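Below is one structure; the comments refer to it alone.
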Amino acid sequence: MNIDKQALREEFRLMQAHYSDPADRARQVIYIAAEALLDELETKEEQRANWFQMAQKLGEDLDAAEKRNAEQREYYEGVIADGSKRIAELETREVMLPAQRFCPGEYVGSVLWAETEIWNKAISACAVAVRAAGIKVKGE
């Protein structure tokens, strides 16, 4: 049901003027109260309209946030897939270190013996470091 509030206001004002005699005070109070109720109704309708606008805005904000979340989820799922692929590649990686050298016993104490010993220690140290990094060493 629609109420013509402007027509009611005019009617209330006319009735207040019509019943201006102090003896008609009770009727004036009724019209004053009715006008106050009309004011309150208009205030409530304005609040309702404001709440509706706020709800629409919040709905739009929620839609935008959900869209951003979906875009970010899609992006990070791709990043995770790429990272998983790279991890799998690294885990299957294998290196071939140079072979250790052998120096005959007659060269003990010579420069060749010292160089061979240093070479072999370096190869062993590399193998330990490479294994510690999770990389397989071929030939073992």
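By convention here, the chains of the structure tokens are called A, B, ... in the order presented, each chain's residues are numbered starting at 1, and ligands are numbered starting at 1 in the order presented.
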Considering only helix (DSSP H, G or I) as DSSP defines it on the backbone, what residues of chain A qualify? List them as a short mmCIF file (atom, residue, chain, number, x, y, z; two decimals) with C-alpha atoms, in the first residue's frame.
```cif
data_model
loop_
_atom_site.label_atom_id
_atom_site.label_comp_id
_atom_site.auth_asym_id
_atom_site.auth_seq_id
_atom_site.Cartn_x
_atom_site.Cartn_y
_atom_site.Cartn_z
CA LYS A 5 2.72 11.46 2.51
CA GLN A 6 2.58 14.99 1.13
CA ALA A 7 -1.24 14.89 1.01
CA LEU A 8 -1.34 13.57 4.57
CA ARG A 9 0.94 16.38 5.77
CA GLU A 10 -1.32 18.98 4.18
CA GLU A 11 -4.36 17.36 5.75
CA PHE A 12 -2.69 17.29 9.18
CA ARG A 13 -1.80 20.97 8.96
CA LEU A 14 -5.32 21.90 7.88
CA MET A 15 -6.81 19.89 10.72
CA GLN A 16 -4.45 21.48 13.24
CA ALA A 17 -5.53 24.90 12.02
CA HIS A 18 -9.18 23.83 11.96
CA PRO A 22 -8.02 24.98 23.11
CA ALA A 23 -11.08 22.83 23.67
CA ASP A 24 -10.02 20.78 20.65
CA ARG A 25 -6.55 20.17 22.10
CA ALA A 26 -7.03 16.38 22.15
CA ARG A 27 -7.65 16.34 18.39
CA GLN A 28 -4.63 18.59 17.80
CA VAL A 29 -2.45 16.16 19.76
CA ILE A 30 -3.68 13.30 17.56
CA TYR A 31 -2.75 15.16 14.38
CA ILE A 32 0.62 16.23 15.84
CA ALA A 33 1.33 12.60 16.79
CA ALA A 34 0.25 11.41 13.33
CA GLU A 35 2.59 13.92 11.69
CA ALA A 36 5.43 12.79 13.97
CA LEU A 37 4.75 9.18 12.95
CA LEU A 38 4.83 10.25 9.31
CA ASP A 39 8.23 11.94 9.91
CA GLU A 40 9.50 8.77 11.56
CA LEU A 41 8.22 6.66 8.65
CA GLU A 42 10.06 8.87 6.15
CA THR A 43 13.25 8.64 8.22
CA LYS A 44 12.99 4.85 8.31
CA GLU A 45 12.42 4.70 4.55
CA GLU A 46 15.51 6.87 3.97
CA GLN A 47 17.54 4.61 6.26
CA ARG A 48 16.25 1.55 4.44
CA ALA A 49 17.23 3.07 1.09
CA ASN A 50 20.69 3.89 2.47
CA TRP A 51 21.09 0.36 3.81
CA PHE A 52 20.05 -1.04 0.46
CA GLN A 53 22.68 1.11 -1.30
CA MET A 54 25.31 0.03 1.24
CA ALA A 55 24.37 -3.61 0.70
CA GLN A 56 24.67 -3.18 -3.07
CA LYS A 57 28.09 -1.53 -2.66
CA LEU A 58 29.26 -4.28 -0.32
CA GLY A 59 28.02 -6.87 -2.81
CA GLU A 60 30.00 -5.20 -5.59
CA ASP A 61 33.08 -5.02 -3.37
CA LEU A 62 32.68 -8.71 -2.51
CA ASP A 63 32.37 -9.63 -6.20
CA ALA A 64 35.53 -7.65 -7.00
CA ALA A 65 37.43 -9.28 -4.11
CA GLU A 66 36.30 -12.75 -5.18
CA LYS A 67 37.46 -12.01 -8.73
CA ARG A 68 40.87 -10.85 -7.45
CA ASN A 69 41.14 -13.97 -5.28
CA ALA A 70 40.34 -16.21 -8.25
CA GLU A 71 42.96 -14.45 -10.40
CA GLN A 72 45.58 -14.74 -7.65
CA ARG A 73 44.68 -18.39 -7.01
CA GLU A 74 45.10 -19.14 -10.72
CA TYR A 75 48.45 -17.32 -10.81
CA TYR A 76 49.83 -19.06 -7.72
CA GLU A 77 48.62 -22.47 -8.86
CA GLY A 78 50.75 -21.89 -11.97
CA VAL A 79 53.71 -20.81 -9.85
CA ILE A 80 53.35 -23.91 -7.67
CA ALA A 81 53.11 -26.16 -10.74
CA ASP A 82 56.23 -24.56 -12.24
CA GLY A 83 58.06 -24.89 -8.94
CA SER A 84 57.05 -28.54 -8.57
CA LYS A 85 58.27 -29.23 -12.09
CA ARG A 86 61.60 -27.52 -11.36
CA ILE A 87 62.01 -29.46 -8.10
CA ALA A 88 61.38 -32.72 -9.96
CA GLU A 89 64.00 -31.73 -12.55
CA LEU A 90 66.53 -30.92 -9.85
CA GLU A 91 65.83 -34.14 -7.97
CA THR A 92 66.50 -36.24 -11.08
CA GLY A 105 103.98 -46.22 -5.51
CA GLU A 106 107.44 -45.39 -6.87
CA TYR A 107 106.37 -41.73 -7.03
CA VAL A 111 105.37 -33.57 -6.93
CA LEU A 112 103.27 -35.91 -9.09
CA TRP A 113 102.24 -37.83 -5.95
CA ALA A 114 101.24 -34.57 -4.17
CA GLU A 115 99.27 -33.32 -7.18
CA THR A 116 97.45 -36.64 -7.50
CA GLU A 117 96.61 -36.62 -3.79
CA ILE A 118 95.25 -33.04 -3.99
CA TRP A 119 93.25 -33.93 -7.13
CA ASN A 120 91.65 -36.94 -5.47
CA LYS A 121 90.80 -35.00 -2.28
CA ALA A 122 89.15 -32.27 -4.39
CA ILE A 123 87.08 -34.82 -6.32
CA SER A 124 86.00 -36.47 -3.03
CA ALA A 125 85.10 -33.10 -1.49
CA CYS A 126 83.07 -32.18 -4.59
CA ALA A 127 81.22 -35.50 -4.44
CA VAL A 128 80.33 -34.92 -0.78
CA ALA A 129 79.10 -31.35 -1.48
CA VAL A 130 77.10 -32.39 -4.55
CA ARG A 131 75.42 -35.25 -2.65
CA ALA A 132 74.63 -32.88 0.24
#
```
- Rounded to one decimal in Å, what is the spacing between atom CA of A:Ile135 and atom CA of A:Val95? 7.3 Å
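Between atom CA of A:Gly134 and atom CA of A:Leu97 lies a distance of 14.9 Å.
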